[in-house]
Each structure stands twice: as C-alpha cells, then as structure tokens.
>>> print(open('coords-v7.csv').read())   # CSV, C-alpha atoms and all ligand atoms
chain,number,residue,atom,x,y,z
J,233,MET,CA,-5.3,-4.7,26.0
J,234,THR,CA,-5.4,-1.3,24.2
J,235,ASP,CA,-1.7,-0.7,24.9
J,236,ARG,CA,-0.6,-2.0,21.5
J,237,PHE,CA,0.0,0.9,19.2
J,238,VAL,CA,-0.1,0.9,15.4
J,239,VAL,CA,1.0,3.6,13.0
J,240,LEU,CA,-1.0,3.0,9.8
J,241,THR,CA,-0.7,5.0,6.6
J,242,GLY,CA,-3.5,5.2,4.0
J,243,ALA,CA,-6.0,4.8,6.8
J,244,SER,CA,-8.8,7.0,5.4
J,245,GLY,CA,-10.1,4.6,2.7
J,246,GLY,CA,-9.8,1.3,0.9
J,247,ILE,CA,-7.6,-1.4,2.4
J,248,GLY,CA,-6.2,0.9,5.1
J,249,LYS,CA,-9.6,1.7,6.5
J,250,CYS,CA,-10.5,-2.0,6.6
J,251,LEU,CA,-7.2,-2.7,8.4
J,252,ALA,CA,-7.9,0.1,10.9
J,253,LYS,CA,-11.4,-1.4,11.6
J,254,ARG,CA,-10.0,-4.9,12.2
J,255,LEU,CA,-7.1,-3.7,14.3
J,256,ILE,CA,-9.4,-1.7,16.6
J,257,ALA,CA,-11.6,-4.8,16.9
J,258,GLN,CA,-8.4,-6.6,18.1
J,259,HIS,CA,-7.9,-3.9,20.7
J,260,TYR,CA,-5.1,-2.0,19.1
J,261,ARG,CA,-4.8,1.8,19.2
J,262,VAL,CA,-4.4,3.1,15.7
J,263,LEU,CA,-2.7,6.4,14.6
J,264,GLY,CA,-4.2,6.7,11.1
J,265,ILE,CA,-2.4,8.8,8.5
J,266,ALA,CA,-3.7,10.2,5.2
J,267,ARG,CA,-3.7,13.7,3.5
J,268,ASP,CA,-7.4,14.5,3.6
J,269,ALA,CA,-8.2,15.5,7.2
J,270,SER,CA,-12.0,15.4,6.8
J,271,ARG,CA,-12.0,11.8,5.4
J,272,LEU,CA,-9.7,10.8,8.3
J,273,GLN,CA,-12.0,12.5,10.8
J,274,ALA,CA,-15.0,10.6,9.3
J,275,VAL,CA,-13.1,7.4,10.0
J,276,ALA,CA,-12.3,8.5,13.6
J,277,ASP,CA,-16.0,9.3,14.1
J,278,GLU,CA,-16.9,5.8,12.9
J,279,LEU,CA,-14.2,3.9,14.7
J,280,GLY,CA,-14.1,5.7,18.0
J,281,GLU,CA,-11.5,6.9,20.4
J,282,ASN,CA,-8.9,4.2,19.6
J,283,PHE,CA,-8.4,5.7,16.2
J,284,GLU,CA,-6.4,8.9,16.2
J,285,PRO,CA,-6.4,10.8,12.9
J,286,CYS,CA,-3.1,12.4,11.8
J,287,ALA,CA,-3.2,14.2,8.5
J,288,PHE,CA,0.0,14.6,6.6
J,289,ASP,CA,1.5,13.7,3.2
J,290,VAL,CA,3.6,10.6,3.7
J,291,SER,CA,6.0,11.8,0.9
J,292,ASP,CA,7.1,14.6,3.3
J,293,ARG,CA,10.2,13.4,5.2
J,294,VAL,CA,10.0,16.3,7.6
J,295,ALA,CA,6.5,15.4,8.6
J,296,TRP,CA,7.7,11.9,9.5
J,297,GLN,CA,10.5,13.5,11.7
J,298,ALA,CA,7.8,15.7,13.4
J,299,LEU,CA,5.7,12.6,14.2
J,300,ALA,CA,8.8,10.8,15.6
J,301,SER,CA,9.5,13.7,17.9
J,302,ARG,CA,5.9,13.8,19.1
J,303,LEU,CA,6.0,10.0,19.8
J,304,SER,CA,9.3,10.2,21.5
J,305,ALA,CA,8.2,13.2,23.8
J,306,ALA,CA,5.2,11.0,24.8
J,307,GLY,CA,7.5,8.0,25.4
J,308,GLN,CA,5.3,6.0,22.9
J,309,ALA,CA,6.7,2.8,21.5
J,310,VAL,CA,5.4,1.6,18.1
J,311,ASP,CA,4.3,-2.0,18.1
J,312,MET,CA,3.3,-2.0,14.5
J,313,LEU,CA,4.0,0.2,11.5
J,314,ILE,CA,1.8,-0.5,8.4
J,315,CYS,CA,2.7,1.4,5.3
J,316,GLY,CA,-0.4,1.3,3.1
J,317,ALA,CA,-0.6,4.7,1.6
J,318,GLY,CA,-0.3,4.6,-2.2
J,319,VAL,CA,-1.4,6.0,-5.5
J,320,LEU,CA,-2.0,4.5,-8.9
J,321,PRO,CA,-1.2,7.0,-11.6
J,322,PRO,CA,-3.3,6.9,-14.8
J,323,PHE,CA,-2.4,3.9,-17.1
J,324,ALA,CA,-0.1,5.4,-19.8
J,325,ALA,CA,2.8,4.6,-22.1
J,326,ALA,CA,6.0,4.8,-20.1
J,327,SER,CA,7.7,7.1,-22.6
J,328,THR,CA,4.8,9.6,-22.2
J,329,VAL,CA,5.1,9.8,-18.4
J,330,SER,CA,7.3,12.7,-17.2
J,331,SER,CA,10.3,12.0,-15.0
J,332,ALA,CA,8.7,14.4,-12.4
J,333,ALA,CA,5.6,12.2,-12.4
J,334,VAL,CA,7.7,9.1,-11.9
J,335,GLU,CA,9.6,10.7,-9.0
J,336,GLN,CA,6.3,11.7,-7.4
J,337,THR,CA,5.0,8.2,-7.6
J,338,LEU,CA,8.2,6.8,-6.1
J,339,ARG,CA,8.1,9.3,-3.3
J,340,ILE,CA,4.5,8.5,-2.3
J,341,ASN,CA,4.6,4.8,-2.9
J,342,PHE,CA,8.1,3.8,-1.9
J,343,LEU,CA,10.3,6.5,-0.3
J,344,SER,CA,7.5,7.3,2.1
J,345,ALA,CA,8.0,3.9,3.7
J,346,VAL,CA,11.8,4.6,3.9
J,347,TYR,CA,11.1,7.9,5.6
J,348,ALA,CA,8.8,6.1,8.0
J,349,ILE,CA,11.5,3.5,8.9
J,350,GLU,CA,14.1,6.2,9.3
J,351,ALA,CA,11.9,8.2,11.6
J,352,LEU,CA,10.3,5.4,13.6
J,353,LYS,CA,13.2,3.0,14.0
J,354,ALA,CA,13.7,4.0,17.7
J,355,PRO,CA,10.1,3.7,18.8
J,356,LEU,CA,9.8,0.4,16.9
J,357,LEU,CA,12.9,-1.0,18.6
J,358,ALA,CA,11.4,0.1,21.9
J,359,ALA,CA,8.4,-2.2,21.4
J,360,ALA,CA,8.4,-5.8,22.8
J,361,LYS,CA,7.7,-7.5,19.5
J,362,PRO,CA,7.8,-4.9,16.7
J,363,VAL,CA,6.3,-5.5,13.3
J,364,VAL,CA,6.7,-3.5,10.1
J,365,ALA,CA,4.2,-4.4,7.3
J,366,VAL,CA,4.3,-2.8,3.9
J,367,ILE,CA,1.6,-3.0,1.2
J,368,ALA,CA,3.5,-3.5,-2.1
J,369,SER,CA,1.5,-5.0,-5.0
J,370,ALA,CA,1.4,-8.0,-7.4
J,371,GLY,CA,2.1,-5.1,-9.8
J,372,GLY,CA,5.6,-4.9,-8.3
J,373,ILE,CA,6.2,-8.6,-9.2
J,374,ALA,CA,4.7,-8.4,-12.7
J,375,PRO,CA,5.2,-4.9,-14.3
J,376,LEU,CA,2.2,-4.7,-16.6
J,377,ILE,CA,2.2,-2.4,-19.6
J,378,GLY,CA,0.9,1.1,-18.7
J,379,THR,CA,2.0,0.9,-15.1
J,380,SER,CA,5.7,1.7,-15.4
J,381,ALA,CA,6.0,4.2,-12.5
J,382,TYR,CA,3.6,2.3,-10.2
J,383,ALA,CA,5.3,-1.0,-10.9
J,384,ALA,CA,8.8,0.5,-10.3
J,385,SER,CA,7.7,2.0,-7.0
J,386,LYS,CA,6.3,-1.4,-5.8
J,387,ALA,CA,9.2,-3.4,-7.1
J,388,ALA,CA,11.5,-1.0,-5.2
J,389,MET,CA,9.4,-1.6,-2.1
J,390,ILE,CA,9.7,-5.4,-2.5
J,391,ALA,CA,13.5,-5.2,-2.9
J,392,TYR,CA,14.1,-2.7,-0.1
J,393,PHE,CA,12.0,-4.5,2.5
J,394,SER,CA,13.2,-8.0,1.5
J,395,ALA,CA,16.7,-6.8,2.4
J,396,LEU,CA,15.5,-5.1,5.6
J,397,ARG,CA,13.6,-8.2,6.6
J,398,GLU,CA,16.8,-10.3,6.6
J,399,GLU,CA,18.8,-7.5,8.3
J,400,TRP,CA,16.2,-7.2,11.1
J,401,ARG,CA,15.5,-10.9,11.4
J,402,GLY,CA,15.1,-11.7,15.1
J,403,ARG,CA,14.6,-8.0,16.1
J,404,VAL,CA,11.7,-6.7,14.0
J,405,GLN,CA,9.2,-8.8,12.0
J,406,VAL,CA,9.1,-7.4,8.4
J,407,THR,CA,6.1,-8.5,6.3
J,408,LEU,CA,5.7,-7.7,2.6
J,409,LEU,CA,2.2,-7.8,1.3
J,410,CYS,CA,1.5,-8.1,-2.4
J,411,PRO,CA,-2.2,-8.0,-3.3
J,412,GLY,CA,-3.6,-8.3,-6.9
J,413,PHE,CA,-6.5,-6.0,-7.9
J,414,VAL,CA,-8.7,-4.9,-4.9
J,415,LYS,CA,-12.1,-3.1,-5.1
J,416,THR,CA,-11.2,0.4,-3.7
J,417,ASP,CA,-11.2,4.0,-4.8
J,418,ILE,CA,-7.6,3.7,-6.1
J,419,PHE,CA,-8.8,3.8,-9.7
J,420,ARG,CA,-10.5,7.2,-9.2
J,421,SER,CA,-7.5,9.0,-10.7
J,422,GLN,CA,-7.9,7.0,-13.9
J,423,PRO,CA,-9.2,9.4,-16.6
J,424,HIS,CA,-11.1,6.8,-18.6
J,425,VAL,CA,-12.5,4.6,-15.8
J,426,ALA,CA,-16.1,5.0,-16.8
J,427,GLY,CA,-17.2,1.9,-18.7
J,428,SER,CA,-14.5,-0.3,-17.1
J,429,GLU,CA,-16.0,-0.7,-13.7
J,430,LYS,CA,-17.6,-4.1,-14.7
J,431,LEU,CA,-14.2,-5.6,-15.5
J,432,LEU,CA,-12.6,-4.1,-12.4
J,433,ASN,CA,-15.4,-5.4,-10.2
J,434,ALA,CA,-15.1,-8.8,-11.9
J,435,ILE,CA,-11.4,-9.3,-11.3
J,436,ALA,CA,-10.9,-7.2,-8.1
J,437,ALA,CA,-11.0,-8.8,-4.6
J,438,ASP,CA,-13.1,-7.5,-1.7
J,439,ALA,CA,-11.0,-5.0,0.3
J,440,ASP,CA,-12.0,-6.4,3.7
J,441,ARG,CA,-11.2,-9.9,2.7
J,442,ILE,CA,-7.8,-8.8,1.6
J,443,ALA,CA,-7.3,-6.8,4.9
J,444,ARG,CA,-8.2,-10.0,6.8
J,445,GLY,CA,-5.6,-12.0,4.8
J,446,MET,CA,-3.0,-9.3,5.5
J,447,LEU,CA,-3.5,-9.4,9.2
J,448,GLN,CA,-3.5,-13.2,9.2
J,449,ALA,CA,-0.1,-13.1,7.4
J,450,ILE,CA,1.2,-10.6,9.9
J,451,ARG,CA,0.0,-12.7,12.9
J,452,CYS,CA,1.6,-15.8,11.4
J,453,GLY,CA,4.9,-14.0,11.1
J,454,ARG,CA,5.0,-14.3,7.3
J,455,GLY,CA,7.8,-12.4,5.6
J,456,TYR,CA,6.1,-12.3,2.2
J,457,LYS,CA,2.5,-12.8,1.2
J,458,VAL,CA,0.7,-12.6,-2.2
J,459,LEU,CA,-3.0,-12.1,-1.9
J,460,GLY,CA,-5.9,-12.5,-4.4
J,461,VAL,CA,-6.4,-15.0,-7.2
J,462,ASP,CA,-4.9,-12.7,-9.9
J,463,GLY,CA,-2.0,-11.9,-7.6
J,464,HIS,CA,-1.2,-15.6,-7.3
J,465,LEU,CA,-1.5,-16.2,-11.1
J,466,LEU,CA,0.8,-13.3,-11.8
J,467,SER,CA,3.3,-14.4,-9.2
J,468,ILE,CA,3.4,-18.0,-10.4
J,469,GLY,CA,3.6,-16.8,-14.1
J,470,MET,CA,6.5,-14.5,-13.3
J,471,ARG,CA,8.4,-17.4,-11.5
J,472,LEU,CA,7.9,-19.9,-14.3
J,473,CYS,CA,7.9,-17.8,-17.5
J,474,PRO,CA,8.2,-14.0,-16.9
J,475,THR,CA,8.4,-12.9,-20.5
J,476,LEU,CA,5.5,-15.0,-21.7
J,477,THR,CA,3.5,-13.9,-18.7
J,478,LEU,CA,4.0,-10.2,-19.4
J,479,ARG,CA,3.3,-10.8,-23.1
J,480,LEU,CA,0.0,-12.6,-22.3
J,481,CYS,CA,-1.0,-9.7,-20.0
J,482,ARG,CA,-0.2,-7.3,-22.9
J,483,TYR,CA,-2.4,-9.3,-25.2
J,484,ILE,CA,-5.3,-9.5,-22.7
J,485,ILE,CA,-5.1,-5.7,-22.0
J,486,LYS,CA,-5.0,-4.9,-25.8
J,487,ALA,CA,-7.8,-7.3,-26.6
J,488,SER,CA,-10.0,-5.9,-23.9
J,489,ASN,CA,-10.2,-2.7,-25.9
J,490,LEU,CA,-11.2,-0.8,-22.8
J,491,PRO,CA,-11.0,3.1,-22.7
J,492,LEU,CA,-9.2,2.6,-19.3
J,493,PHE,CA,-6.1,1.4,-21.2
J,494,ALA,CA,-6.4,3.8,-24.2
J,495,ASP,CA,-3.4,6.0,-23.2
J,496,ILE,CA,-1.1,3.0,-23.2
J,497,TRP,CA,-1.2,3.0,-27.0
J,498,ALA,CA,-0.8,6.7,-27.3
J,499,ASP,CA,3.0,6.6,-27.9
S,501,LIG,N1,-6.6,-1.4,-4.9
S,501,LIG,C1,-5.8,-2.2,-5.6
S,501,LIG,O1,-6.1,-2.9,-6.6
S,501,LIG,C2,-4.4,-2.5,-5.0
S,501,LIG,C3,-3.6,-3.5,-5.5
S,501,LIG,C4,-2.3,-3.7,-5.1
S,501,LIG,C5,-1.8,-2.9,-4.1
S,501,LIG,N2,-2.5,-1.9,-3.6
S,501,LIG,C6,-1.9,-1.0,-2.7
S,501,LIG,O2,-2.7,-0.9,-1.5
S,501,LIG,C7,-2.5,0.3,-0.8
S,501,LIG,C8,-3.8,0.9,-0.5
S,501,LIG,O3,-4.5,1.2,-1.7
S,501,LIG,P1,-6.1,1.2,-1.8
S,501,LIG,O4,-6.5,0.3,-2.9
S,501,LIG,O5,-6.8,1.0,-0.5
S,501,LIG,O6,-6.3,2.7,-2.3
S,501,LIG,P2,-7.2,3.9,-1.8
S,501,LIG,O7,-8.6,3.4,-1.5
S,501,LIG,O8,-7.1,5.0,-2.9
S,501,LIG,O9,-6.5,4.4,-0.5
S,501,LIG,C9,-5.2,5.0,-0.5
S,501,LIG,C10,-5.0,5.6,0.9
S,501,LIG,O10,-3.7,6.2,0.8
S,501,LIG,C11,-3.8,7.6,1.2
S,501,LIG,N3,-2.7,8.3,0.5
S,501,LIG,C12,-2.5,8.4,-0.8
S,501,LIG,N4,-1.5,9.2,-1.0
S,501,LIG,C13,-1.0,9.7,0.2
S,501,LIG,C14,0.0,10.6,0.6
S,501,LIG,N5,0.8,11.2,-0.3
S,501,LIG,N6,0.1,10.8,1.9
S,501,LIG,C15,-0.7,10.2,2.8
S,501,LIG,N7,-1.7,9.4,2.5
S,501,LIG,C16,-1.8,9.1,1.2
S,501,LIG,C17,-5.2,8.0,0.8
S,501,LIG,O11,-5.7,9.1,1.5
S,501,LIG,P3,-5.5,10.6,1.0
S,501,LIG,O12,-5.8,10.6,-0.5
S,501,LIG,O13,-6.5,11.4,1.8
S,501,LIG,O14,-4.1,11.0,1.2
S,501,LIG,C18,-6.0,6.7,1.2
S,501,LIG,O15,-6.2,6.7,2.6
S,501,LIG,C19,-1.7,1.2,-1.8
S,501,LIG,O16,-0.3,1.2,-1.4
S,501,LIG,C20,-1.9,0.5,-3.1
S,501,LIG,O17,-0.8,0.7,-4.0
S,501,LIG,C21,-3.8,-1.6,-4.1
>>> encode(input="coords-v7.csv", output="structure tokens", more="lines below")
Ligand SMILES: NC(=O)c1ccc[n+]([C@@H]2O[C@H](COP(=O)([O-])OP(=O)(O)OC[C@H]3O[C@@H](n4cnc5c(N)ncnc54)[C@H](OP(=O)(O)O)[C@@H]3O)[C@@H](O)[C@H]2O)c1
Amino acid sequence: MTDRFVVLTGASGGIGKCLAKRLIAQHYRVLGIARDASRLQAVADELGENFEPCAFDVSDRVAWQALASRLSAAGQAVDMLICGAGVLPPFAAASTVSSAAVEQTLRINFLSAVYAIEALKAPLLAAAKPVVAVIASAGGIAPLIGTSAYAASKAAMIAYFSALREEWRGRVQVTLLCPGFVKTDIFRSQPHVAGSEKLLNAIAADADRIARGMLQAIRCGRGYKVLGVDGHLLSIGMRLCPTLTLRLCRYIIKASNLPLFADIWAD
C-alpha cells in the first residue's frame, strides 16, 4: 500500500510535519520539501524510509521544474500535492512594509503553489485519483490589521485555487484549507513575540488536531474547509458583516496592548 506518493511542502515543522506523520501512518510515501536540509533530515530520521527529504526554496520556479524532471525520469505519478510551506511576516502597518517584502511573501506563500501546479500537472494527471490540497488561512478570508502582505498572499491562494477547483472538477480534487491560529513556530519571525505566548497559546489550536481535520477534509473530497474555532468565527463574521468584523478585530488587537502588535501603530 506504499505506492501512493505525496509531494508535501513545509514538511519540516508545524502543520506540515504533523501531516507527514499522519500520511506515513496511512501508508503513503512522502516527498517532504522545506529549505532547511538539517531539519528535514531530522524528520526523515524520525519518520523512516517512507519520508524522502528534498530541500529547496518553494519560491524558486526553476527548482520546481528540476523536481518535475526528476519525477518524470523516474516515471513517478503524484497522487497528492499538498502546498503547506508558508511564512508569516512580522505584524506591521501596511504602509511601512516595502513592496519587495510584499513580493517575497507572495512568492513564498502563493506563487510557490502556482509553480508547483505548473511543474507537477503531468505527474498529477498520471495518477488514478489525484488530489491538490493547499493550506491558505482564515487570514485570507479576514484580512486583519498588520497582516496586509500575508492576508493578500492567502486571499490570492483562495481565489486562484477556487477557480482551479472548478476547472479541474472531475479530473483532480482541489481542496482549500483555511485554518485559524495554530500552535506552531510560524510566529518565530515576529520581533516582539516574547510576552504574547500566553495569548497565542490560548487562542491557537493544536497542530496535530488541525492536520487530522485537514486530512479528513481531503478524504471526504471537500473543496473548501475552514478549521479552528477562531477560523469559523472569522469566516461567519466576514460572510454576515465584513466591515464590522474587521473593525471588531482591530478593536480587540488594539485593546490587547501586546508588544506583538506594536508595529501596527508605527505609521
Ligand atoms: N500557524 C498558524 O497559525 C497558521 C494559521 C493559518 C495558516 N497557516 C499556514 O499553514 C502553513 C504551515 O504553517 P505552520 O504554522 O506549520 O508554520 P511553520 O511551523 O513555520 O512551518 C512552515 C514550513 O514551511 C517551510 N517553508 C517556509 N518557507 C519556505 C520556503 N520558501 N521554501 C520551502 N519551505 C518553506 C518551513 O521550513 P523552512 O523554514 O526550513 O523552509 C516549514 O517547514 C503555512 O502556509 C501557514 O501560512 C498557519
């Protein structure tokens, strides 16, 4: 049963590592992608021979083409592509974030998934029941203050893969996954995270529970799945009353007075 092959980005930590663990327990072979080769190797040491580490930067289109050539030379079909790699830039006022920083976030969080689709379309279509799953975010549904580049990258992902889902209906299952806050290392790049861990831990969901929900949604053939209590609240709020929802979030973020959000008011 280990003939089902998954390409998983963001496999070295957080939600991606939990997904890799669960997929291997379900007898998949996982090709796990991230930049840090030593962290990937540590995952390979832990998960065994059905996890193949493959270190490259997902925002590098040429690296995706190289992977596609390698898979094609080996005659390897791709049963599942999960695009989970992503970064959360420091919370900051939109007008203080450089266009170069916005471009970089879009390349890592959104365009990387487009490069993956472009490169892996043929090996995906060669699989019996191909699946593409992408980890967007509730932040792409509700663009909170201080997260302009991140929210834009995730909103782009939601729009692009919603269109692709309908275009590929009946050929490739496309599943959009939108979690709320999850306990992972994604907050490590935040300059003022110290002192905010209590709040993050209180609102963030367990990464393995979220990974389980994601795999359930994929298994059930869902096209779109919001995960986590905060994710659902944001999603409902944005459907019923988007302006008020974002204003309420602004009020809560301001009233929290946390150093984590200090740079949002720097403009
Ligand atoms: N945690 C949350 O609250 C949350 C909420 C909603 C959505 N998400 C989304 O869930 C996904 C996983 O996030 P996480 O919370 O598990 O974060 P994480 O623990 O920081 O893991 C991110 C993974 O992506 C990889 N990665 C980052 N940039 C990369 C690049 N340029 N090329 C290749 N790999 C790269 C990282 O490895 P390297 O650094 O070694 O490259 C790591 O394996 C992301 O797309 C994130 O936006 C997270």
>>> residues_around(input="coords-v7.csv", residues="region 492-497 of chain J", least_positions_apart="4", cutoff="8 Å", atoms="all atoms listed in the file", output="list in words")
Phe323, Ala324, Ala325, Ala326, Ile377, Gly378, Gln422, Pro423, His424, Val425, Ala426, Ser428, Ile485 and Lys486 of chain J
>>> closest_atom_pairs(input="coords-v7.csv", of="chain J", to="ligand LIG 501 (chain S)", cutoff="6 Å", atoms="all atoms listed in the file", output="JSON lines")
{"residue": "J:Gly242", "atom": "CA", "partner": "S:LIG501", "partner_atom": "O10", "distance": 3.4}
{"residue": "J:Ala243", "atom": "CA", "partner": "S:LIG501", "partner_atom": "O15", "distance": 4.6}
{"residue": "J:Ser244", "atom": "CA", "partner": "S:LIG501", "partner_atom": "O15", "distance": 3.8}
{"residue": "J:Gly245", "atom": "CA", "partner": "S:LIG501", "partner_atom": "O15", "distance": 4.4}
{"residue": "J:Gly246", "atom": "CA", "partner": "S:LIG501", "partner_atom": "O5", "distance": 3.3}
{"residue": "J:Ile247", "atom": "CA", "partner": "S:LIG501", "partner_atom": "O5", "distance": 3.8}
{"residue": "J:Gly248", "atom": "CA", "partner": "S:LIG501", "partner_atom": "O5", "distance": 5.6}
{"residue": "J:Ala266", "atom": "CA", "partner": "S:LIG501", "partner_atom": "N7", "distance": 3.5}
{"residue": "J:Arg267", "atom": "CA", "partner": "S:LIG501", "partner_atom": "O14", "distance": 3.6}
{"residue": "J:Asp268", "atom": "CA", "partner": "S:LIG501", "partner_atom": "O13", "distance": 3.7}
{"residue": "J:Phe288", "atom": "CA", "partner": "S:LIG501", "partner_atom": "C15", "distance": 5.9}
{"residue": "J:Asp289", "atom": "CA", "partner": "S:LIG501", "partner_atom": "N6", "distance": 3.5}
{"residue": "J:Val290", "atom": "CA", "partner": "S:LIG501", "partner_atom": "N6", "distance": 3.9}
{"residue": "J:Ser291", "atom": "CA", "partner": "S:LIG501", "partner_atom": "N5", "distance": 5.4}
{"residue": "J:Gly316", "atom": "CA", "partner": "S:LIG501", "partner_atom": "O16", "distance": 4.5}
{"residue": "J:Ala317", "atom": "CA", "partner": "S:LIG501", "partner_atom": "O10", "distance": 3.5}
{"residue": "J:Gly318", "atom": "CA", "partner": "S:LIG501", "partner_atom": "O16", "distance": 3.5}
{"residue": "J:Val319", "atom": "CA", "partner": "S:LIG501", "partner_atom": "C12", "distance": 5.4}
{"residue": "J:Ile340", "atom": "CA", "partner": "S:LIG501", "partner_atom": "N5", "distance": 5.0}
{"residue": "J:Ile367", "atom": "CA", "partner": "S:LIG501", "partner_atom": "O16", "distance": 5.3}
{"residue": "J:Ala368", "atom": "CA", "partner": "S:LIG501", "partner_atom": "C5", "distance": 5.7}
{"residue": "J:Ser369", "atom": "CA", "partner": "S:LIG501", "partner_atom": "C5", "distance": 4.0}
{"residue": "J:Pro411", "atom": "CA", "partner": "S:LIG501", "partner_atom": "C4", "distance": 4.7}
{"residue": "J:Gly412", "atom": "CA", "partner": "S:LIG501", "partner_atom": "C3", "distance": 5.0}
{"residue": "J:Phe413", "atom": "CA", "partner": "S:LIG501", "partner_atom": "O1", "distance": 3.4}
{"residue": "J:Val414", "atom": "CA", "partner": "S:LIG501", "partner_atom": "O1", "distance": 3.7}
{"residue": "J:Lys415", "atom": "CA", "partner": "S:LIG501", "partner_atom": "N1", "distance": 5.8}
{"residue": "J:Thr416", "atom": "CA", "partner": "S:LIG501", "partner_atom": "O7", "distance": 4.5}
{"residue": "J:Asp417", "atom": "CA", "partner": "S:LIG501", "partner_atom": "O7", "distance": 4.2}
{"residue": "J:Ile418", "atom": "CA", "partner": "S:LIG501", "partner_atom": "O8", "distance": 3.5}
>>> residues_around(input="coords-v7.csv", residues="Ile373 (chain J)", least_positions_apart="3", cutoff="10 Å", atoms="only C-alpha atoms", output="ChimeraX atom specification")
/J:368-370,376,383-384,386-387,390,410,458,463,466-471,474
>>> closest_residue(input="coords-v7.csv", among="J:Gln448, J:Ser385, J:Ser301, J:Thr477", to="Ser344 (chain J)", atoms="all atoms listed in the file")
J:Ser385
>>> closest_residue(input="coords-v7.csv", among="J:Thr241, J:Ser488, J:Thr407, J:Ser421", to="Met446 (chain J)", atoms="all atoms listed in the file")
J:Thr407
